[in-house]
file data_29.tsv (TSV, C-alpha atoms and all ligand atoms)
chain	number	residue	atom	x	y	z
A	13	MET	CA	-50.74	-103.89	38.51
A	14	SER	CA	-47.45	-102.05	38.90
A	15	SER	CA	-46.46	-100.78	42.34
A	16	SER	CA	-47.22	-97.17	43.23
A	17	VAL	CA	-44.43	-96.93	45.80
A	18	VAL	CA	-42.25	-93.91	45.00
A	19	LEU	CA	-38.61	-93.79	46.08
A	20	GLY	CA	-37.38	-90.23	46.67
A	21	ILE	CA	-33.69	-89.32	46.67
A	22	GLU	CA	-32.29	-86.05	48.03
A	23	SER	CA	-28.64	-84.97	47.76
A	24	SER	CA	-28.64	-81.21	47.15
A	25	CYS	CA	-26.52	-80.21	50.13
A	26	ASP	CA	-25.01	-82.16	53.05
A	27	GLU	CA	-27.81	-84.67	53.68
A	28	THR	CA	-28.21	-87.89	51.70
A	29	GLY	CA	-31.86	-88.87	52.02
A	30	ALA	CA	-34.04	-91.69	50.74
A	31	GLY	CA	-37.77	-91.99	51.41
A	32	LEU	CA	-40.61	-94.22	50.30
A	33	VAL	CA	-44.12	-92.83	49.80
A	34	GLU	CA	-47.28	-94.45	48.50
A	35	ASN	CA	-50.53	-92.54	47.98
A	36	GLY	CA	-49.46	-89.68	50.24
A	37	ARG	CA	-48.36	-92.05	53.00
A	38	LEU	CA	-44.78	-92.20	54.30
A	39	LEU	CA	-43.66	-95.85	54.44
A	40	GLY	CA	-40.06	-95.37	55.54
A	41	HIS	CA	-37.09	-93.06	55.23
A	42	ALA	CA	-33.43	-92.70	56.15
A	43	VAL	CA	-30.94	-89.83	56.17
A	44	ALA	CA	-27.16	-89.73	56.39
A	45	SER	CA	-25.50	-86.39	57.06
A	46	SER	CA	-21.96	-85.21	56.36
A	47	MET	CA	-22.56	-82.23	58.70
A	48	ASP	CA	-19.86	-83.32	61.18
A	49	GLU	CA	-17.25	-83.41	58.41
A	50	HIS	CA	-17.99	-79.77	57.52
A	51	ALA	CA	-18.10	-78.49	61.10
A	52	ARG	CA	-14.42	-77.52	61.35
A	53	PHE	CA	-14.73	-75.47	58.14
A	54	GLY	CA	-17.73	-73.53	59.48
A	55	GLY	CA	-19.86	-74.36	56.43
A	56	VAL	CA	-20.59	-77.00	53.82
A	57	VAL	CA	-17.56	-77.93	51.68
A	58	PRO	CA	-18.93	-79.06	48.27
A	59	GLU	CA	-16.20	-81.63	47.57
A	60	ILE	CA	-16.69	-83.29	50.96
A	61	ALA	CA	-20.48	-83.32	50.49
A	62	THR	CA	-20.15	-84.93	47.04
A	63	ARG	CA	-17.94	-87.75	48.31
A	64	ALA	CA	-20.22	-88.30	51.30
A	65	HIS	CA	-23.25	-88.72	48.99
A	66	LEU	CA	-21.34	-91.27	46.93
A	67	HIS	CA	-20.52	-93.14	50.11
A	68	SER	CA	-24.01	-93.00	51.63
A	69	LEU	CA	-26.52	-93.18	48.77
A	70	THR	CA	-26.89	-96.94	48.38
A	71	PRO	CA	-26.84	-97.69	52.15
A	72	VAL	CA	-29.46	-94.99	52.76
A	73	VAL	CA	-31.78	-96.43	50.08
A	74	HIS	CA	-31.44	-99.87	51.70
A	75	ARG	CA	-32.11	-98.46	55.17
A	76	ALA	CA	-35.29	-96.76	53.92
A	77	LEU	CA	-36.43	-100.01	52.27
A	78	ASP	CA	-35.71	-101.96	55.48
A	79	GLU	CA	-37.67	-99.45	57.56
A	80	ALA	CA	-40.62	-99.77	55.17
A	81	GLY	CA	-40.33	-103.57	55.02
A	82	LEU	CA	-40.00	-103.39	51.23
A	83	ARG	CA	-37.62	-104.74	48.59
A	84	MET	CA	-36.04	-102.99	45.61
A	85	ALA	CA	-38.56	-104.70	43.30
A	86	ASP	CA	-41.45	-102.97	45.12
A	87	ILE	CA	-40.39	-99.53	43.85
A	88	GLY	CA	-42.78	-98.26	41.17
A	89	ALA	CA	-41.16	-94.88	40.44
A	90	VAL	CA	-38.08	-92.88	41.42
A	91	ALA	CA	-38.07	-89.15	42.21
A	92	VAL	CA	-34.88	-87.16	42.64
A	93	THR	CA	-33.87	-83.59	43.47
A	94	THR	CA	-32.51	-81.94	40.32
A	95	GLY	CA	-31.96	-78.49	41.89
A	96	PRO	CA	-31.31	-76.04	43.28
A	97	GLY	CA	-28.23	-77.16	45.19
A	98	LEU	CA	-24.53	-77.99	44.98
A	99	SER	CA	-23.64	-79.23	41.50
A	100	GLY	CA	-21.49	-82.23	42.44
A	101	ALA	CA	-23.87	-83.25	45.22
A	102	LEU	CA	-26.89	-83.15	42.89
A	103	GLN	CA	-25.04	-85.17	40.25
A	104	VAL	CA	-24.46	-88.08	42.63
A	105	GLY	CA	-28.16	-88.25	43.50
A	106	LEU	CA	-29.31	-87.96	39.89
A	107	ALA	CA	-26.82	-90.56	38.63
A	108	GLY	CA	-27.96	-92.98	41.35
A	109	ALA	CA	-31.64	-92.29	40.65
A	110	LYS	CA	-31.20	-92.74	36.88
A	111	ALA	CA	-29.41	-96.03	37.38
A	112	LEU	CA	-32.12	-97.34	39.70
A	113	ALA	CA	-34.99	-96.21	37.48
A	114	TYR	CA	-33.29	-97.76	34.45
A	115	ALA	CA	-32.52	-101.05	36.19
A	116	LEU	CA	-36.03	-101.31	37.67
A	117	ASP	CA	-37.65	-100.08	34.42
A	118	VAL	CA	-39.77	-97.51	36.28
A	119	PRO	CA	-40.43	-93.80	35.58
A	120	LEU	CA	-38.08	-91.12	36.92
A	121	TYR	CA	-39.33	-87.72	38.14
A	122	GLY	CA	-37.11	-84.66	38.59
A	123	VAL	CA	-38.10	-82.62	41.64
A	124	HIS	CA	-37.41	-79.02	42.67
A	125	HIS	CA	-35.87	-79.03	46.15
A	126	LEU	CA	-38.22	-76.33	47.44
A	127	ALA	CA	-41.32	-78.17	46.16
A	128	GLY	CA	-39.98	-81.04	48.28
A	129	HIS	CA	-39.86	-78.86	51.40
A	130	VAL	CA	-43.45	-77.74	50.72
A	131	ALA	CA	-44.67	-81.32	50.21
A	132	ALA	CA	-42.98	-82.56	53.41
A	133	ASP	CA	-45.93	-81.31	55.41
A	134	THR	CA	-48.44	-83.42	53.41
A	135	LEU	CA	-46.81	-86.57	54.83
A	136	GLU	CA	-47.83	-85.52	58.32
A	137	HIS	CA	-50.98	-83.41	57.84
A	138	GLY	CA	-52.47	-84.63	54.55
A	139	PRO	CA	-53.06	-82.73	51.29
A	140	LEU	CA	-52.40	-79.00	51.31
A	141	PRO	CA	-55.40	-76.71	51.01
A	142	ASP	CA	-55.61	-74.74	47.75
A	143	PRO	CA	-54.41	-72.02	48.09
A	144	CYS	CA	-51.93	-71.87	50.96
A	145	MET	CA	-49.04	-69.60	51.88
A	146	VAL	CA	-45.67	-71.28	52.35
A	147	LEU	CA	-42.71	-69.76	54.17
A	148	ILE	CA	-39.52	-71.66	53.31
A	149	VAL	CA	-36.71	-70.91	55.72
A	150	SER	CA	-33.50	-72.87	55.42
A	151	GLY	CA	-29.75	-72.41	55.19
A	152	GLY	CA	-30.04	-71.40	51.56
A	153	HIS	CA	-33.54	-69.95	51.25
A	154	THR	CA	-35.97	-67.51	52.79
A	155	SER	CA	-38.97	-67.37	50.48
A	156	LEU	CA	-42.68	-66.69	50.57
A	157	LEU	CA	-44.63	-68.83	48.11
A	158	LEU	CA	-48.28	-68.90	47.15
A	159	VAL	CA	-49.04	-72.57	46.46
A	160	ARG	CA	-52.09	-73.98	44.70
A	161	ASP	CA	-52.05	-77.57	43.37
A	162	LEU	CA	-48.42	-78.72	43.78
A	163	ALA	CA	-48.60	-81.28	40.97
A	164	ARG	CA	-50.39	-79.05	38.44
A	165	ASP	CA	-50.03	-75.32	39.11
A	166	PRO	CA	-46.80	-73.38	39.10
A	167	ILE	CA	-45.77	-72.07	42.51
A	168	VAL	CA	-46.14	-68.27	42.71
A	169	HIS	CA	-42.94	-66.86	44.10
A	170	LEU	CA	-43.86	-63.74	46.10
A	171	GLY	CA	-40.51	-62.79	47.57
A	172	ASP	CA	-37.13	-63.80	48.83
A	173	THR	CA	-34.24	-62.63	50.89
A	174	VAL	CA	-32.22	-59.91	49.20
A	175	ASP	CA	-29.02	-61.11	50.88
A	176	ASP	CA	-28.49	-63.89	53.47
A	177	ALA	CA	-30.99	-66.66	54.20
A	178	ALA	CA	-32.33	-66.85	57.77
A	179	GLY	CA	-30.47	-70.13	58.43
A	180	GLU	CA	-27.26	-68.59	57.10
A	181	CYS	CA	-27.73	-65.71	59.55
A	182	PHE	CA	-28.06	-68.20	62.43
A	183	ASP	CA	-25.02	-70.14	61.22
A	184	LYS	CA	-22.79	-67.06	60.82
A	185	VAL	CA	-23.81	-65.33	64.05
A	186	ALA	CA	-23.33	-68.59	65.93
A	187	ARG	CA	-19.76	-68.58	64.69
A	188	ALA	CA	-19.26	-65.03	65.95
A	189	PHE	CA	-20.71	-66.15	69.31
A	190	GLY	CA	-18.28	-69.09	69.47
A	191	LEU	CA	-21.07	-71.65	69.05
A	192	PRO	CA	-20.66	-74.81	66.90
A	193	TYR	CA	-21.89	-75.40	63.34
A	194	PRO	CA	-24.74	-75.73	62.37
A	195	GLY	CA	-25.55	-72.55	64.23
A	196	GLY	CA	-29.36	-72.70	64.21
A	197	PRO	CA	-29.78	-75.55	66.68
A	198	ALA	CA	-26.90	-74.15	68.81
A	199	ILE	CA	-28.53	-70.69	68.99
A	200	ASP	CA	-31.89	-72.33	69.80
A	201	ARG	CA	-30.33	-74.27	72.71
A	202	ALA	CA	-28.31	-71.29	74.03
A	203	ALA	CA	-31.37	-69.01	73.84
A	204	ARG	CA	-33.24	-71.13	76.41
A	205	GLU	CA	-31.17	-69.52	79.19
A	206	GLY	CA	-31.24	-66.01	77.72
A	207	LYS	CA	-33.39	-62.87	77.88
A	208	PRO	CA	-34.74	-61.94	74.42
A	209	ASP	CA	-34.96	-58.25	75.34
A	210	ALA	CA	-31.46	-58.01	76.88
A	211	VAL	CA	-30.44	-56.38	73.58
A	212	VAL	CA	-32.67	-55.34	70.69
A	213	PHE	CA	-31.38	-56.22	67.23
A	214	PRO	CA	-32.81	-54.57	64.07
A	215	ARG	CA	-35.89	-55.86	62.20
A	216	PRO	CA	-34.80	-55.26	58.57
A	217	LEU	CA	-37.33	-54.47	55.80
A	218	THR	CA	-40.31	-54.20	58.12
A	219	GLY	CA	-41.02	-50.50	57.51
A	220	PRO	CA	-44.21	-49.29	55.79
A	221	ARG	CA	-42.29	-48.45	52.59
A	222	ASP	CA	-40.40	-51.74	52.41
A	223	ASP	CA	-41.28	-54.60	50.06
A	224	PRO	CA	-43.70	-56.67	52.17
A	225	TYR	CA	-42.41	-59.94	50.67
A	226	ALA	CA	-38.66	-59.26	50.80
A	227	PHE	CA	-36.38	-60.30	53.65
A	228	SER	CA	-32.89	-59.17	54.63
A	229	PHE	CA	-30.70	-60.79	57.27
A	230	SER	CA	-27.25	-59.49	56.45
A	231	GLY	CA	-27.65	-56.27	58.51
A	232	LEU	CA	-28.98	-58.28	61.42
A	233	LYS	CA	-26.01	-60.64	61.17
A	234	THR	CA	-23.61	-57.69	61.21
A	235	ALA	CA	-25.40	-56.07	64.17
A	236	ALA	CA	-25.16	-59.29	66.18
A	237	ALA	CA	-21.50	-59.80	65.25
A	238	ARG	CA	-20.68	-56.20	66.27
A	239	TRP	CA	-22.47	-56.69	69.56
A	240	ALA	CA	-20.32	-59.78	70.17
A	241	GLU	CA	-17.22	-57.81	69.19
A	242	ARG	CA	-18.00	-55.16	71.83
A	243	HIS	CA	-17.66	-57.84	74.52
A	244	ARG	CA	-14.18	-58.80	73.35
A	245	GLY	CA	-11.85	-59.34	76.27
A	246	GLY	CA	-14.78	-59.74	78.66
A	247	VAL	CA	-17.50	-62.33	79.06
A	248	LEU	CA	-19.91	-62.60	76.15
A	249	PRO	CA	-23.49	-63.12	77.37
A	250	VAL	CA	-24.09	-65.72	74.65
A	251	ALA	CA	-27.50	-66.82	75.93
A	252	ASP	CA	-28.88	-63.27	75.83
A	253	GLY	CA	-27.42	-62.63	72.36
A	254	ALA	CA	-28.84	-65.91	71.08
A	255	ALA	CA	-32.30	-65.18	72.54
A	256	ALA	CA	-32.31	-61.65	71.09
A	257	LEU	CA	-31.18	-62.83	67.65
A	258	GLN	CA	-33.75	-65.60	67.60
A	259	GLU	CA	-36.44	-63.11	68.65
A	260	ALA	CA	-35.52	-60.72	65.82
A	261	VAL	CA	-35.50	-63.48	63.17
A	262	ALA	CA	-38.76	-65.02	64.42
A	263	ASP	CA	-40.42	-61.59	64.61
A	264	VAL	CA	-39.54	-60.65	61.02
A	265	LEU	CA	-40.39	-64.06	59.54
A	266	THR	CA	-43.76	-64.48	61.24
A	267	ARG	CA	-44.85	-60.84	60.89
A	268	LYS	CA	-44.29	-60.90	57.11
A	269	ALA	CA	-45.72	-64.39	56.58
A	270	VAL	CA	-48.94	-63.62	58.46
A	271	ALA	CA	-49.30	-60.26	56.67
A	272	ALA	CA	-48.89	-62.07	53.32
A	273	CYS	CA	-51.69	-64.49	54.24
A	274	VAL	CA	-53.98	-61.60	55.18
A	275	ARG	CA	-53.13	-59.68	52.01
A	276	HIS	CA	-53.92	-62.69	49.80
A	277	GLY	CA	-56.95	-63.87	51.79
A	278	VAL	CA	-55.23	-67.21	52.46
A	279	ASP	CA	-56.19	-68.99	55.67
A	280	THR	CA	-53.36	-71.57	55.93
A	281	LEU	CA	-49.69	-70.87	56.54
A	282	VAL	CA	-47.15	-73.67	56.13
A	283	VAL	CA	-43.67	-73.09	57.55
A	284	VAL	CA	-41.01	-75.47	56.22
A	285	GLY	CA	-37.21	-75.80	55.93
A	286	GLY	CA	-34.52	-76.24	58.58
A	287	VAL	CA	-35.30	-72.99	60.41
A	288	ALA	CA	-38.92	-74.16	60.91
A	289	ALA	CA	-37.33	-76.36	63.59
A	290	ASN	CA	-36.59	-73.21	65.63
A	291	SER	CA	-38.60	-73.18	68.85
A	292	ARG	CA	-39.20	-69.41	68.89
A	293	VAL	CA	-40.18	-69.31	65.19
A	294	ARG	CA	-42.73	-72.06	65.90
A	295	ALA	CA	-44.14	-70.43	69.03
A	296	LEU	CA	-44.44	-66.94	67.55
A	297	ALA	CA	-45.94	-68.26	64.31
A	298	GLN	CA	-48.54	-70.13	66.35
A	299	GLU	CA	-49.34	-67.05	68.43
A	300	ARG	CA	-49.68	-64.71	65.45
A	301	CYS	CA	-51.60	-67.17	63.25
A	302	GLY	CA	-53.98	-67.82	66.14
A	303	ALA	CA	-54.61	-64.08	66.54
A	304	ALA	CA	-55.27	-63.67	62.78
A	305	GLY	CA	-57.52	-66.74	62.44
A	306	ILE	CA	-54.95	-68.53	60.26
A	307	THR	CA	-54.27	-72.25	60.51
A	308	LEU	CA	-50.55	-72.96	60.98
A	309	ARG	CA	-49.00	-76.15	59.66
A	310	VAL	CA	-45.41	-77.07	60.49
A	311	PRO	CA	-44.03	-80.51	59.61
A	312	PRO	CA	-42.39	-82.51	62.42
A	313	LEU	CA	-38.71	-81.75	62.98
A	314	ARG	CA	-37.42	-84.83	61.15
A	315	LEU	CA	-39.24	-83.72	57.97
A	316	CYS	CA	-38.24	-80.01	58.30
A	317	THR	CA	-34.59	-80.52	57.42
A	318	ASP	CA	-33.48	-82.04	54.10
A	319	ASN	CA	-34.70	-85.61	53.55
A	320	GLY	CA	-35.70	-88.03	50.80
A	321	ALA	CA	-39.29	-88.49	51.97
A	322	MET	CA	-40.22	-84.97	50.91
A	323	ILE	CA	-38.87	-85.65	47.40
A	324	ALA	CA	-40.82	-88.92	47.27
A	325	ALA	CA	-43.93	-86.96	48.35
A	326	VAL	CA	-43.63	-84.71	45.27
A	327	GLY	CA	-42.91	-87.72	43.02
A	328	ASP	CA	-46.02	-89.41	44.38
A	329	LEU	CA	-48.15	-86.31	43.66
A	330	LEU	CA	-46.71	-86.06	40.12
A	331	ALA	CA	-47.26	-89.76	39.41
A	332	ARG	CA	-50.84	-89.64	40.67
A	333	ALA	CA	-51.54	-86.48	38.62
A	334	GLY	CA	-50.34	-88.31	35.49
A	335	ALA	CA	-47.36	-85.98	35.00
A	336	GLU	CA	-44.84	-86.73	32.27
A	337	PRO	CA	-41.71	-88.50	33.67
A	338	ALA	CA	-38.30	-86.91	33.14
A	339	PRO	CA	-36.56	-87.65	29.80
A	340	HIS	CA	-33.56	-90.01	29.81
A	341	ASP	CA	-31.20	-87.08	29.30
A	342	VAL	CA	-32.55	-85.07	32.26
A	343	SER	CA	-29.79	-83.08	33.94
A	344	ILE	CA	-29.27	-81.21	37.16
A	345	ASP	CA	-30.20	-77.53	37.53
A	346	PRO	CA	-28.00	-76.26	40.42
A	347	SER	CA	-29.39	-72.72	40.21
A	348	ALA	CA	-33.03	-73.66	39.53
A	349	PRO	CA	-35.21	-70.59	40.21
B	1	LIG	O1	-33.51	-77.17	55.17
B	1	LIG	P1	-32.15	-77.41	55.70
B	1	LIG	O2	-31.85	-78.71	56.39
B	1	LIG	O3	-31.08	-77.30	54.57
B	1	LIG	C1	-31.11	-76.33	53.58
B	1	LIG	O4	-31.75	-76.60	52.52
B	1	LIG	O5	-30.49	-75.28	53.82
B	1	LIG	O6	-31.82	-76.17	56.67
B	1	LIG	C2	-30.59	-76.05	57.35
B	1	LIG	C3	-30.58	-74.74	58.13
B	1	LIG	C4	-29.24	-74.41	58.78
B	1	LIG	O7	-28.91	-73.06	58.51
B	1	LIG	C5	-29.51	-74.63	60.27
B	1	LIG	O8	-28.71	-73.79	61.10
B	1	LIG	C6	-30.98	-74.25	60.37
B	1	LIG	O9	-31.56	-74.79	59.20
B	1	LIG	N1	-31.62	-74.83	61.55
B	1	LIG	C7	-32.11	-74.06	62.56
B	1	LIG	C8	-32.58	-74.97	63.56
B	1	LIG	N2	-32.37	-76.24	63.11
B	1	LIG	C9	-31.78	-76.14	61.88
B	1	LIG	N3	-32.19	-72.73	62.69
B	1	LIG	C10	-32.72	-72.25	63.83
B	1	LIG	N4	-33.17	-73.04	64.84
B	1	LIG	C11	-33.12	-74.38	64.76
B	1	LIG	N5	-33.58	-75.15	65.76
B	2	ZN	ZN	-33.48	-77.76	52.10
call {"tool": "encode", "arguments": {"input": "data_29.tsv", "output": "structure tokens"}}
result
Amino acid sequence: MSSSVVLGIESSCDETGAGLVENGRLLGHAVASSMDEHARFGGVVPEIATRAHLHSLTPVVHRALDEAGLRMADIGAVAVTTGPGLSGALQVGLAGAKALAYALDVPLYGVHHLAGHVAADTLEHGPLPDPCMVLIVSGGHTSLLLVRDLARDPIVHLGDTVDDAAGECFDKVARAFGLPYPGGPAIDRAAREGKPDAVVFPRPLTGPRDDPYAFSFSGLKTAAARWAERHRGGVLPVADGAAALQEAVADVLTRKAVAACVRHGVDTLVVVGGVAANSRVRALAQERCGAAGITLRVPPLRLCTDNGAMIAAVGDLLARAGAEPAPHDVSIDPSAP
């Protein structure tokens, strides 16, 4: 019988990830990040990310295999992120995945990056209940999704950010506060010493007439940057600003996500993506889900940010559902919806 081990490859942004999954179980994974190389530019530089993927892809696959105690010949299928993401970065991952699938004579599955983030949680907490509400919050996305069977049913896209993603807001405000890139973890750390009510930042699109599924973080970003500007020449109370910003983002995200669950009669909320690592987002989501009788699922930190295991998890679901593998001429879709 052929192996059912699925190798997942992720290269949509600045992380090169490889993961191995069999029957919903994570066997091993490895990630290499080019984050440090982008830090002095204050954001991801596509050309640098592309070269870093080329450099890291093969070593990362071998590290994942070593961690799982497997050999190349044990791989029964390859899954790869085809989009959305940076064009050059995606091409490196897809070219590598195609070559491996061809050489090993195994099926290749193209995976939507966001489906990967959703599936990440299954590696820790088992299959997702049908239906469940998923809040994806990363550097590029802030979306509310109604998910049924990941391998069979299309994901219902309820709403998105109309401007900046929540992670982008953290990254840009951190810059205005003089904190390092990536800003999310830096804001999270700085906020530990701050008072969340020292300043109150706006809660955009939370009024009764606003779209309940839409988010907006650009006004919040500007408000926080202006607040920082007002302290120019003096001492900026960074910890208080960080705590207040984090409070505003966590408040908006969790309020809307819980309301969406209630409106759709869904009793499980899954929060995924890099910003799901935020300590205040996690705590407030837990508090509000608890009060509304909703079960909260958040993958462990290492599976929240971009990785190959989450792509392997989707490939594994597709393979087990008997989905059609990708054609030989499959291409990337950088702006996949
Ligand atoms: O999912 P991810 O690794 O990559 C994208 O697909 O974007 O998310 C990265 C984003 C960055 O904006 C980063 O600042 C944010 O997640 N992030 C955090 C935290 N850890 C990472 N934001 C807030 N608090 C954190 N602890
Ligand atoms: Zn991501």
call {"tool": "atom_distance", "arguments": {"input": "data_29.tsv", "atom1": "atom CA of Asp48 of chain A", "atom2": "atom N4 of ligand LIG 1 (chain B)"}}
result
17.2 Å
call {"tool": "closest_atom_pairs", "arguments": {"input": "data_29.tsv", "of": "chain A", "to": "ligand LIG 1 (chain B)", "cutoff": "9 Å", "atoms": "only C-alpha atoms and all ligand atoms", "output": "JSON lines"}}
result
{"residue": "A:Ser24", "atom": "CA", "partner": "B:LIG1", "partner_atom": "O4", "distance": 7.7}
{"residue": "A:Cys25", "atom": "CA", "partner": "B:LIG1", "partner_atom": "O4", "distance": 6.8}
{"residue": "A:Asp26", "atom": "CA", "partner": "B:LIG1", "partner_atom": "O3", "distance": 7.9}
{"residue": "A:Glu27", "atom": "CA", "partner": "B:LIG1", "partner_atom": "O2", "distance": 7.7}
{"residue": "A:Gly97", "atom": "CA", "partner": "B:LIG1", "partner_atom": "O4", "distance": 8.2}
{"residue": "A:His125", "atom": "CA", "partner": "B:LIG1", "partner_atom": "O4", "distance": 8.0}
{"residue": "A:Leu126", "atom": "CA", "partner": "B:LIG1", "partner_atom": "O4", "distance": 8.2}
{"residue": "A:His129", "atom": "CA", "partner": "B:LIG1", "partner_atom": "O1", "distance": 7.6}
{"residue": "A:Ile148", "atom": "CA", "partner": "B:LIG1", "partner_atom": "O1", "distance": 8.4}
{"residue": "A:Val149", "atom": "CA", "partner": "B:LIG1", "partner_atom": "O1", "distance": 7.1}
{"residue": "A:Ser150", "atom": "CA", "partner": "B:LIG1", "partner_atom": "O6", "distance": 3.9}
{"residue": "A:Gly151", "atom": "CA", "partner": "B:LIG1", "partner_atom": "O5", "distance": 3.3}
{"residue": "A:Gly152", "atom": "CA", "partner": "B:LIG1", "partner_atom": "O5", "distance": 4.5}
{"residue": "A:His153", "atom": "CA", "partner": "B:LIG1", "partner_atom": "O5", "distance": 6.7}
{"residue": "A:Ala177", "atom": "CA", "partner": "B:LIG1", "partner_atom": "O7", "distance": 8.0}
{"residue": "A:Ala178", "atom": "CA", "partner": "B:LIG1", "partner_atom": "O7", "distance": 7.1}
{"residue": "A:Gly179", "atom": "CA", "partner": "B:LIG1", "partner_atom": "O7", "distance": 3.3}
{"residue": "A:Glu180", "atom": "CA", "partner": "B:LIG1", "partner_atom": "O7", "distance": 5.0}
{"residue": "A:Cys181", "atom": "CA", "partner": "B:LIG1", "partner_atom": "O7", "distance": 7.5}
{"residue": "A:Phe182", "atom": "CA", "partner": "B:LIG1", "partner_atom": "O8", "distance": 5.8}
{"residue": "A:Asp183", "atom": "CA", "partner": "B:LIG1", "partner_atom": "O8", "distance": 5.2}
{"residue": "A:Lys184", "atom": "CA", "partner": "B:LIG1", "partner_atom": "O7", "distance": 8.9}
{"residue": "A:Ala186", "atom": "CA", "partner": "B:LIG1", "partner_atom": "O8", "distance": 8.9}
{"residue": "A:Tyr193", "atom": "CA", "partner": "B:LIG1", "partner_atom": "O8", "distance": 7.4}
{"residue": "A:Pro194", "atom": "CA", "partner": "B:LIG1", "partner_atom": "O8", "distance": 4.6}
{"residue": "A:Gly195", "atom": "CA", "partner": "B:LIG1", "partner_atom": "O8", "distance": 4.6}
{"residue": "A:Gly196", "atom": "CA", "partner": "B:LIG1", "partner_atom": "N3", "distance": 3.2}
{"residue": "A:Pro197", "atom": "CA", "partner": "B:LIG1", "partner_atom": "N5", "distance": 3.9}
{"residue": "A:Ala198", "atom": "CA", "partner": "B:LIG1", "partner_atom": "N5", "distance": 7.4}
{"residue": "A:Ile199", "atom": "CA", "partner": "B:LIG1", "partner_atom": "N4", "distance": 6.7}
{"residue": "A:Asp200", "atom": "CA", "partner": "B:LIG1", "partner_atom": "N4", "distance": 5.2}
{"residue": "A:Arg201", "atom": "CA", "partner": "B:LIG1", "partner_atom": "N5", "distance": 7.7}
{"residue": "A:Gln258", "atom": "CA", "partner": "B:LIG1", "partner_atom": "C10", "distance": 7.7}
{"residue": "A:Val284", "atom": "CA", "partner": "B:LIG1", "partner_atom": "O1", "distance": 7.8}
{"residue": "A:Gly285", "atom": "CA", "partner": "B:LIG1", "partner_atom": "O1", "distance": 4.0}
{"residue": "A:Gly286", "atom": "CA", "partner": "B:LIG1", "partner_atom": "O6", "distance": 3.3}
{"residue": "A:Val287", "atom": "CA", "partner": "B:LIG1", "partner_atom": "N3", "distance": 3.9}
{"residue": "A:Ala288", "atom": "CA", "partner": "B:LIG1", "partner_atom": "C8", "distance": 6.9}
{"residue": "A:Ala289", "atom": "CA", "partner": "B:LIG1", "partner_atom": "N5", "distance": 4.5}
{"residue": "A:Asn290", "atom": "CA", "partner": "B:LIG1", "partner_atom": "N4", "distance": 3.5}
{"residue": "A:Ser291", "atom": "CA", "partner": "B:LIG1", "partner_atom": "N5", "distance": 6.2}
{"residue": "A:Arg292", "atom": "CA", "partner": "B:LIG1", "partner_atom": "N4", "distance": 8.1}
{"residue": "A:Val293", "atom": "CA", "partner": "B:LIG1", "partner_atom": "N4", "distance": 7.9}
{"residue": "A:Leu313", "atom": "CA", "partner": "B:LIG1", "partner_atom": "N2", "distance": 8.4}
{"residue": "A:Cys316", "atom": "CA", "partner": "B:LIG1", "partner_atom": "O1", "distance": 6.3}
{"residue": "A:Thr317", "atom": "CA", "partner": "B:LIG1", "partner_atom": "O2", "distance": 3.4}
{"residue": "A:Asp318", "atom": "CA", "partner": "B:LIG1", "partner_atom": "O2", "distance": 4.4}
{"residue": "A:Asn319", "atom": "CA", "partner": "B:LIG1", "partner_atom": "O2", "distance": 8.0}
call {"tool": "closest_residue", "arguments": {"input": "data_29.tsv", "among": "A:His50, A:Pro249, A:His65, A:Ala132", "to": "ligand ZN 2 (chain B)", "atoms": "all atoms listed in the file"}}
result
A:Ala132
call {"tool": "atom_distance", "arguments": {"input": "data_29.tsv", "atom1": "atom CA of Leu69 of chain A", "atom2": "atom CA of His340 of chain A"}}
result
20.5 Å
call {"tool": "closest_residue", "arguments": {"input": "data_29.tsv", "among": "A:Phe229, A:Leu102, A:Ala235, A:Ala272", "to": "Arg63 of chain A", "atoms": "all atoms listed in the file"}}
result
A:Leu102
call {"tool": "closest_residue", "arguments": {"input": "data_29.tsv", "among": "A:His67, A:Val278, A:Ile60, A:Gly88", "to": "Arg160 of chain A", "atoms": "all atoms listed in the file"}}
result
A:Val278
call {"tool": "residues_around", "arguments": {"input": "data_29.tsv", "residues": "Glu259 of chain A", "least_positions_apart": "6", "cutoff": "9 Å", "atoms": "all atoms listed in the file", "output": "list in words"}}
result
Pro208, Asp209, Val212, Phe213, Arg292, Val293 and Leu296 of chain A
call {"tool": "atom_distance", "arguments": {"input": "data_29.tsv", "atom1": "atom CA of Tyr114 of chain A", "atom2": "atom CA of Val90 of chain A"}}
result
9.8 Å
